[in-house]
Amino acid sequence: MRKKKVGIGILGIILILAVFFGYLSWRSEKDTPAAAVEEKEAKGEEKPFEGITLTILNHSSATPDGVFDKTCEAAEEKFGFDIEIESCSEDTIVKTRLATGQCPDLLVYNTGSLLYSLHPEEFFMDLTDAPFVENLDEDFIQAASVDGVLYGIPQSDNMGCGVYYNKELYEKYGLQVPETWEEFKKNMDVLQRQGIAGLGIALRDLVSVQLPFLADNYQVMEKNPEFARDYCDGTSTFAGTKEGLRSWERYEELIPYFNEDATSCSMKELQKKLFGNQIGHMVYFTNLIPEWEEKYGDACEKIGFFALPGDEKEYTGMTVWPSNGIYGNKKSKNKEAIEAFMAWYISDEGMDVLTSFYQPAGIFHTGYQPREEQSQLVTETRKYYQEGNVVSALEYLIPMKGINCQEICNKLGSGQITAKEAAEAYDEDCKKAALQCGLWS
């Protein structure tokens, strides 16, 4: 009988200890940030980052006006922090802020060579091993990394660049979508004879003036797959290679087809000309499509899209620009809030919110698929992704881009210099950038 009582006593002690240590284990789990957030949300208590303010400097126009702001409002509702967004269009402002120690909690900025020029290791959080970046594709990782360190998450879908064309004019004059450079020029010849500018361009616009050259990067890389590596090493140049010089020559061949007011026309005026049947074609990014669909509605059905053709059909494809990045301040006092925002933003939940405000024309770097049915214009851009006929623009494959590209293209487009001179000027411009990066030495 005594032995039985002792056994019962020992068993009781074991049960008490098990309950005690079980409580400690449960308490430990409840004290983790994720569990705390879930518990607070379940009880309707204060949200996890209540009282915290995140500052964002937004140097991006990748999505239509208001889309990024509205997405951030949804994040505020979910997490409880306040987000203050400041828009910025000047690159010098970004660099000045960083240089003077005024880095915001989050910066929305370019990837590729322009990111490299910011010296991101000095300012931004290392996201290389962050669990929420596991699904990012290689194109974005390469574009948002410097020296093997990933610094950003994608702000939106990537952008293609190609030729928008007026379908009504094509139907009226019996034109077919061109598959080669000569076919493209023949289409423009037909339009020119009817008093319609074959190609619209805004030479004073920072973006429009460069795109006939930059969109041609696909042809250069397809002709010479090692061009990016050799150019980065300084062993290859645009002026010194057949495919590189040919890229500038194609730009020069477009000049006779430009609208008469190319030197004074604005981008807004150019778009009106395309929809108003005053020009046949326009070279630009696919991120115009969401804006057009919101502004013009069903009238967008009169606009089509094709990649800038190459000299041969097999070298025709689309040059793409990886998404701009969102970068976190490595010295911020709000790192947990920054990481929570980033993880949510590129999650399916965050992307559902983002795409509820616009229909993306590009591909998301996380593999996310929008829920809404895509328009015909978006379908025409996405076929190049589906066929595998895309390549990242050169400035995302190497750490430098000539800072005077706009000026060089303007001089070429207005007839002040030749294609050969433009190629030489661009090489010299890139050489200066390369030397600053420690390359071409």
# chains A, B, ... in the order shown; residues from 1 in each chain; ligands from 1
$ residues_around --residues "A:Glu121" --least-positions-apart "4" --cutoff "12 Å" --atoms "only C-alpha atoms" --output "list in words"
Leu98, Leu115, Tyr116, Ser117, Met125, Asp126, Leu127, Ala144, Ser145, Val146, Asp147, Gly148, Val149, Leu150, Tyr151, Gly152, Tyr327, Gly328, Asn329, Lys330 and Lys331 of chain A
$ write_last_selection --atoms "N, CA and C atoms" --output "PDB file, in the first residue's frame"
ATOM      1  N   LEU A  98      20.604  60.566 -49.864  1.00  0.00           N
ATOM      2  CA  LEU A  98      21.453  59.497 -49.338  1.00  0.00           C
ATOM      3  C   LEU A  98      22.778  60.054 -48.829  1.00  0.00           C
ATOM      4  N   LEU A 115      21.039  51.493 -59.921  1.00  0.00           N
ATOM      5  CA  LEU A 115      21.175  51.048 -58.533  1.00  0.00           C
ATOM      6  C   LEU A 115      22.646  50.946 -58.162  1.00  0.00           C
ATOM      7  N   TYR A 116      23.442  50.379 -59.052  1.00  0.00           N
ATOM      8  CA  TYR A 116      24.883  50.224 -58.813  1.00  0.00           C
ATOM      9  C   TYR A 116      25.524  51.567 -58.479  1.00  0.00           C
ATOM     10  N   SER A 117      25.074  52.628 -59.153  1.00  0.00           N
ATOM     11  CA  SER A 117      25.680  53.945 -58.966  1.00  0.00           C
ATOM     12  C   SER A 117      25.365  54.553 -57.605  1.00  0.00           C
ATOM     13  N   MET A 125      19.295  47.534 -46.805  1.00  0.00           N
ATOM     14  CA  MET A 125      19.287  46.251 -46.111  1.00  0.00           C
ATOM     15  C   MET A 125      19.662  45.122 -47.067  1.00  0.00           C
ATOM     16  N   ASP A 126      20.397  44.154 -46.562  1.00  0.00           N
ATOM     17  CA  ASP A 126      20.761  42.955 -47.312  1.00  0.00           C
ATOM     18  C   ASP A 126      19.600  41.968 -47.214  1.00  0.00           C
ATOM     19  N   LEU A 127      18.967  41.697 -48.346  1.00  0.00           N
ATOM     20  CA  LEU A 127      17.805  40.799 -48.371  1.00  0.00           C
ATOM     21  C   LEU A 127      18.141  39.423 -48.925  1.00  0.00           C
ATOM     22  N   ALA A 144      18.625  43.608 -59.184  1.00  0.00           N
ATOM     23  CA  ALA A 144      18.546  44.281 -57.878  1.00  0.00           C
ATOM     24  C   ALA A 144      19.696  43.897 -56.961  1.00  0.00           C
ATOM     25  N   SER A 145      20.714  43.269 -57.519  1.00  0.00           N
ATOM     26  CA  SER A 145      21.870  42.854 -56.719  1.00  0.00           C
ATOM     27  C   SER A 145      23.130  43.577 -57.172  1.00  0.00           C
ATOM     28  N   VAL A 146      24.032  43.786 -56.234  1.00  0.00           N
ATOM     29  CA  VAL A 146      25.354  44.324 -56.526  1.00  0.00           C
ATOM     30  C   VAL A 146      26.367  43.468 -55.783  1.00  0.00           C
ATOM     31  N   ASP A 147      27.338  42.945 -56.530  1.00  0.00           N
ATOM     32  CA  ASP A 147      28.369  42.074 -55.958  1.00  0.00           C
ATOM     33  C   ASP A 147      27.760  40.893 -55.214  1.00  0.00           C
ATOM     34  N   GLY A 148      26.689  40.346 -55.782  1.00  0.00           N
ATOM     35  CA  GLY A 148      26.086  39.140 -55.221  1.00  0.00           C
ATOM     36  C   GLY A 148      25.149  39.362 -54.056  1.00  0.00           C
ATOM     37  N   VAL A 149      24.905  40.604 -53.672  1.00  0.00           N
ATOM     38  CA  VAL A 149      24.020  40.913 -52.547  1.00  0.00           C
ATOM     39  C   VAL A 149      22.712  41.502 -53.080  1.00  0.00           C
ATOM     40  N   LEU A 150      21.587  40.914 -52.687  1.00  0.00           N
ATOM     41  CA  LEU A 150      20.273  41.388 -53.116  1.00  0.00           C
ATOM     42  C   LEU A 150      19.796  42.488 -52.170  1.00  0.00           C
ATOM     43  N   TYR A 151      19.373  43.614 -52.739  1.00  0.00           N
ATOM     44  CA  TYR A 151      18.990  44.757 -51.911  1.00  0.00           C
ATOM     45  C   TYR A 151      17.513  45.134 -51.989  1.00  0.00           C
ATOM     46  N   GLY A 152      16.774  44.625 -52.983  1.00  0.00           N
ATOM     47  CA  GLY A 152      15.404  45.099 -53.126  1.00  0.00           C
ATOM     48  C   GLY A 152      14.398  44.027 -53.463  1.00  0.00           C
ATOM     49  N   TYR A 327      13.619  49.396 -51.645  1.00  0.00           N
ATOM     50  CA  TYR A 327      14.802  49.156 -50.814  1.00  0.00           C
ATOM     51  C   TYR A 327      14.566  49.651 -49.392  1.00  0.00           C
ATOM     52  N   GLY A 328      15.076  48.904 -48.410  1.00  0.00           N
ATOM     53  CA  GLY A 328      14.922  49.265 -47.008  1.00  0.00           C
ATOM     54  C   GLY A 328      16.184  49.887 -46.446  1.00  0.00           C
ATOM     55  N   ASN A 329      16.032  50.911 -45.646  1.00  0.00           N
ATOM     56  CA  ASN A 329      17.146  51.616 -45.016  1.00  0.00           C
ATOM     57  C   ASN A 329      17.788  50.727 -43.946  1.00  0.00           C
ATOM     58  N   LYS A 330      19.052  50.376 -44.120  1.00  0.00           N
ATOM     59  CA  LYS A 330      19.736  49.485 -43.190  1.00  0.00           C
ATOM     60  C   LYS A 330      19.936  50.118 -41.812  1.00  0.00           C
ATOM     61  N   LYS A 331      19.838  51.446 -41.721  1.00  0.00           N
ATOM     62  CA  LYS A 331      20.031  52.140 -40.445  1.00  0.00           C
ATOM     63  C   LYS A 331      18.710  52.567 -39.802  1.00  0.00           C
TER      64      LYS A 331
END
$ residues_around --residues "A:Ala74" --least-positions-apart "4" --cutoff "10 Å" --atoms "only C-alpha atoms" --output "number ranges by chain"
A: 69-70, 78-80, 345, 350, 353-354
$ write_last_selection --atoms "N, CA, C and O atoms" --output "compact mmCIF listing (two decimals), in the first residue's frame"
# COMPACT_ATOMS: atom_id res chain seq x y z
N ASP A 69 0.25 54.27 -54.01
CA ASP A 69 -0.29 54.91 -52.81
C ASP A 69 -1.46 54.12 -52.24
O ASP A 69 -1.55 53.90 -51.02
N LYS A 70 -2.36 53.68 -53.12
CA LYS A 70 -3.52 52.91 -52.66
C LYS A 70 -3.10 51.57 -52.06
O LYS A 70 -3.70 51.10 -51.09
N LYS A 78 -3.69 46.97 -42.60
CA LYS A 78 -3.34 45.65 -42.10
C LYS A 78 -2.40 45.70 -40.90
O LYS A 78 -2.59 44.99 -39.91
N PHE A 79 -1.38 46.54 -40.99
CA PHE A 79 -0.32 46.52 -39.98
C PHE A 79 -0.42 47.63 -38.92
O PHE A 79 0.21 47.53 -37.87
N GLY A 80 -1.16 48.67 -39.22
CA GLY A 80 -1.32 49.72 -38.23
C GLY A 80 -0.34 50.86 -38.31
O GLY A 80 -0.53 51.88 -37.64
N TYR A 345 4.00 42.91 -49.31
CA TYR A 345 3.87 43.58 -50.61
C TYR A 345 4.04 42.61 -51.76
O TYR A 345 3.30 42.67 -52.75
N GLY A 350 -0.62 40.81 -51.23
CA GLY A 350 -0.21 42.15 -51.62
C GLY A 350 -0.39 42.40 -53.10
O GLY A 350 -0.84 43.48 -53.52
N VAL A 353 -3.94 43.07 -54.05
CA VAL A 353 -4.30 44.47 -53.80
C VAL A 353 -3.76 45.37 -54.91
O VAL A 353 -4.48 46.19 -55.48
N LEU A 354 -2.48 45.20 -55.24
CA LEU A 354 -1.84 46.03 -56.26
C LEU A 354 -2.59 45.94 -57.59
O LEU A 354 -2.90 46.96 -58.22
$ closest_residue --among "A:Arg382, A:His365, A:Lys302, A:Lys47" --to "A:Gly160" --atoms "only C-alpha atoms"
A:Arg382
$ closest_residue --among "A:Glu122, A:Glu138, A:Glu301, A:Asp82" --to "A:Gln376" --atoms "only C-alpha atoms"
A:Glu301
$ atom_distance --atom1 "atom CA of A:Asp261" --atom2 "atom CA of A:Leu274"
13.8 Å
$ closest_residue --among "A:Glu77, A:Glu407, A:Asp157, A:Glu339" --to "A:Val207" --atoms "only C-alpha atoms"
A:Glu407
$ select_by_dssp --residues "stretch 87-154 of chain A" --states "strand (DSSP E or B)" --output "PyMOL selection string"
chain A and resi 87+106-109+124+145-146+149-150+152-154
$ atom_distance --atom1 "atom CA of A:Gly162" --atom2 "atom CA of A:Phe305"
7.0 Å
$ residues_around --residues "A:Ile403" --least-positions-apart "3" --cutoff "12 Å" --atoms "only C-alpha atoms" --output "PDB file with N, CA and C atoms, in the first residue's frame"
ATOM      1  N   ASP A  91      16.701  62.389 -60.175  1.00  0.00           N
ATOM      2  CA  ASP A  91      17.704  61.441 -59.689  1.00  0.00           C
ATOM      3  C   ASP A  91      18.659  62.100 -58.702  1.00  0.00           C
ATOM      4  N   SER A 113      21.965  49.279 -63.590  1.00  0.00           N
ATOM      5  CA  SER A 113      23.151  50.126 -63.479  1.00  0.00           C
ATOM      6  C   SER A 113      22.923  51.345 -62.597  1.00  0.00           C
ATOM      7  N   LEU A 114      21.705  51.877 -62.582  1.00  0.00           N
ATOM      8  CA  LEU A 114      21.434  53.047 -61.754  1.00  0.00           C
ATOM      9  C   LEU A 114      21.470  52.704 -60.270  1.00  0.00           C
ATOM     10  N   SER A 117      25.074  52.628 -59.153  1.00  0.00           N
ATOM     11  CA  SER A 117      25.680  53.945 -58.966  1.00  0.00           C
ATOM     12  C   SER A 117      25.365  54.553 -57.605  1.00  0.00           C
ATOM     13  N   LEU A 206      12.799  62.634 -72.177  1.00  0.00           N
ATOM     14  CA  LEU A 206      13.900  61.820 -71.660  1.00  0.00           C
ATOM     15  C   LEU A 206      13.811  60.370 -72.098  1.00  0.00           C
ATOM     16  N   GLN A 210      15.229  57.925 -76.298  1.00  0.00           N
ATOM     17  CA  GLN A 210      16.213  56.848 -76.158  1.00  0.00           C
ATOM     18  C   GLN A 210      15.716  55.487 -76.629  1.00  0.00           C
ATOM     19  N   GLU A 395      21.509  47.641 -69.783  1.00  0.00           N
ATOM     20  CA  GLU A 395      21.829  48.342 -68.539  1.00  0.00           C
ATOM     21  C   GLU A 395      21.487  47.521 -67.301  1.00  0.00           C
ATOM     22  N   MET A 400      26.887  49.620 -65.811  1.00  0.00           N
ATOM     23  CA  MET A 400      26.973  51.020 -66.241  1.00  0.00           C
ATOM     24  C   MET A 400      26.093  51.274 -67.455  1.00  0.00           C
ATOM     25  N   GLN A 406      20.495  60.233 -73.512  1.00  0.00           N
ATOM     26  CA  GLN A 406      19.416  61.092 -74.010  1.00  0.00           C
ATOM     27  C   GLN A 406      19.950  62.137 -74.983  1.00  0.00           C
ATOM     28  N   GLU A 407      21.044  62.789 -74.607  1.00  0.00           N
ATOM     29  CA  GLU A 407      21.615  63.845 -75.448  1.00  0.00           C
ATOM     30  C   GLU A 407      22.131  63.280 -76.771  1.00  0.00           C
ATOM     31  N   ILE A 408      22.776  62.119 -76.700  1.00  0.00           N
ATOM     32  CA  ILE A 408      23.326  61.488 -77.909  1.00  0.00           C
ATOM     33  C   ILE A 408      22.196  61.105 -78.863  1.00  0.00           C
ATOM     34  N   CYS A 409      21.132  60.511 -78.315  1.00  0.00           N
ATOM     35  CA  CYS A 409      19.996  60.118 -79.149  1.00  0.00           C
ATOM     36  C   CYS A 409      19.291  61.342 -79.742  1.00  0.00           C
ATOM     37  N   ALA A 425      30.264  58.187 -79.460  1.00  0.00           N
ATOM     38  CA  ALA A 425      29.963  59.047 -78.311  1.00  0.00           C
ATOM     39  C   ALA A 425      29.402  58.226 -77.155  1.00  0.00           C
ATOM     40  N   TYR A 426      28.561  57.245 -77.476  1.00  0.00           N
ATOM     41  CA  TYR A 426      27.988  56.421 -76.416  1.00  0.00           C
ATOM     42  C   TYR A 426      29.060  55.548 -75.765  1.00  0.00           C
ATOM     43  N   ASP A 427      29.963  54.995 -76.568  1.00  0.00           N
ATOM     44  CA  ASP A 427      31.067  54.207 -76.013  1.00  0.00           C
ATOM     45  C   ASP A 427      31.924  55.043 -75.069  1.00  0.00           C
ATOM     46  N   GLU A 428      32.199  56.273 -75.468  1.00  0.00           N
ATOM     47  CA  GLU A 428      33.006  57.160 -74.630  1.00  0.00           C
ATOM     48  C   GLU A 428      32.272  57.492 -73.337  1.00  0.00           C
ATOM     49  N   ASP A 429      30.973  57.677 -73.449  1.00  0.00           N
ATOM     50  CA  ASP A 429      30.147  57.960 -72.276  1.00  0.00           C
ATOM     51  C   ASP A 429      30.162  56.779 -71.303  1.00  0.00           C
ATOM     52  N   CYS A 430      30.025  55.577 -71.848  1.00  0.00           N
ATOM     53  CA  CYS A 430      30.040  54.374 -71.008  1.00  0.00           C
ATOM     54  C   CYS A 430      31.420  54.133 -70.404  1.00  0.00           C
ATOM     55  N   LYS A 431      32.452  54.515 -71.143  1.00  0.00           N
ATOM     56  CA  LYS A 431      33.809  54.347 -70.629  1.00  0.00           C
ATOM     57  C   LYS A 431      34.005  55.138 -69.349  1.00  0.00           C
ATOM     58  N   LYS A 432      33.476  56.356 -69.313  1.00  0.00           N
ATOM     59  CA  LYS A 432      33.587  57.187 -68.111  1.00  0.00           C
ATOM     60  C   LYS A 432      32.876  56.517 -66.933  1.00  0.00           C
ATOM     61  N   ALA A 433      31.688  55.975 -67.207  1.00  0.00           N
ATOM     62  CA  ALA A 433      30.932  55.292 -66.159  1.00  0.00           C
ATOM     63  C   ALA A 433      31.655  54.029 -65.712  1.00  0.00           C
ATOM     64  N   ALA A 434      32.257  53.325 -66.660  1.00  0.00           N
ATOM     65  CA  ALA A 434      32.971  52.089 -66.338  1.00  0.00           C
ATOM     66  C   ALA A 434      34.184  52.367 -65.453  1.00  0.00           C
TER      67      ALA A 434
END
$ residues_around --residues "A:Trp321" --least-positions-apart "5" --cutoff "6 Å" --atoms "only C-alpha atoms" --output "VMD selection string"
chain A and resid 158 to 159 392 to 393
$ write_last_selection --atoms "N, CA and C atoms" --output "short mmCIF file (atom, residue, chain, number, x, y, z; two decimals), in the first residue's frame"
data_model
loop_
_atom_site.label_atom_id
_atom_site.label_comp_id
_atom_site.auth_asym_id
_atom_site.auth_seq_id
_atom_site.Cartn_x
_atom_site.Cartn_y
_atom_site.Cartn_z
N ASN A 158 7.46 43.61 -64.68
CA ASN A 158 8.50 44.20 -65.52
C ASN A 158 7.86 44.89 -66.73
N MET A 159 8.68 45.59 -67.50
CA MET A 159 8.16 46.32 -68.66
C MET A 159 8.85 45.83 -69.93
N SER A 392 16.74 40.99 -71.14
CA SER A 392 16.84 42.22 -70.35
C SER A 392 17.69 43.26 -71.08
N ALA A 393 17.30 44.52 -70.94
CA ALA A 393 18.07 45.61 -71.52
C ALA A 393 19.50 45.57 -70.99
#
$ closest_residue --among "A:Ala337, A:Cys300, A:Met267, A:Met282" --to "A:Glu50" --atoms "only C-alpha atoms"
A:Ala337
$ select_by_dssp --residues "stretch 93-137 of chain A" --states "helix (DSSP H, G or I)" --output "ChimeraX atom specification"
/A:93-99,113-116,120-122,131-133
$ write_last_selection --atoms "C-alpha atoms" --output "short mmCIF file (atom, residue, chain, number, x, y, z; two decimals), in the first residue's frame"
data_model
loop_
_atom_site.label_atom_id
_atom_site.label_comp_id
_atom_site.auth_asym_id
_atom_site.auth_seq_id
_atom_site.Cartn_x
_atom_site.Cartn_y
_atom_site.Cartn_z
CA ILE A 93 17.42 64.43 -55.19
CA VAL A 94 17.73 60.74 -54.36
CA LYS A 95 21.51 60.86 -54.37
CA THR A 96 21.57 64.05 -52.30
CA ARG A 97 19.25 62.55 -49.68
CA LEU A 98 21.45 59.50 -49.34
CA ALA A 99 24.69 61.50 -49.25
CA SER A 113 23.15 50.13 -63.48
CA LEU A 114 21.43 53.05 -61.75
CA LEU A 115 21.17 51.05 -58.53
CA TYR A 116 24.88 50.22 -58.81
CA PRO A 120 23.66 50.34 -52.11
CA GLU A 121 25.93 48.53 -49.65
CA GLU A 122 26.21 51.81 -47.74
CA PRO A 131 12.68 34.13 -46.58
CA PHE A 132 10.21 36.31 -48.49
CA VAL A 133 12.50 36.66 -51.54
#
$ closest_residue --among "A:Glu249, A:Glu293, A:Asp65, A:Glu76" --to "A:Phe49" --atoms "only C-alpha atoms"
A:Glu76
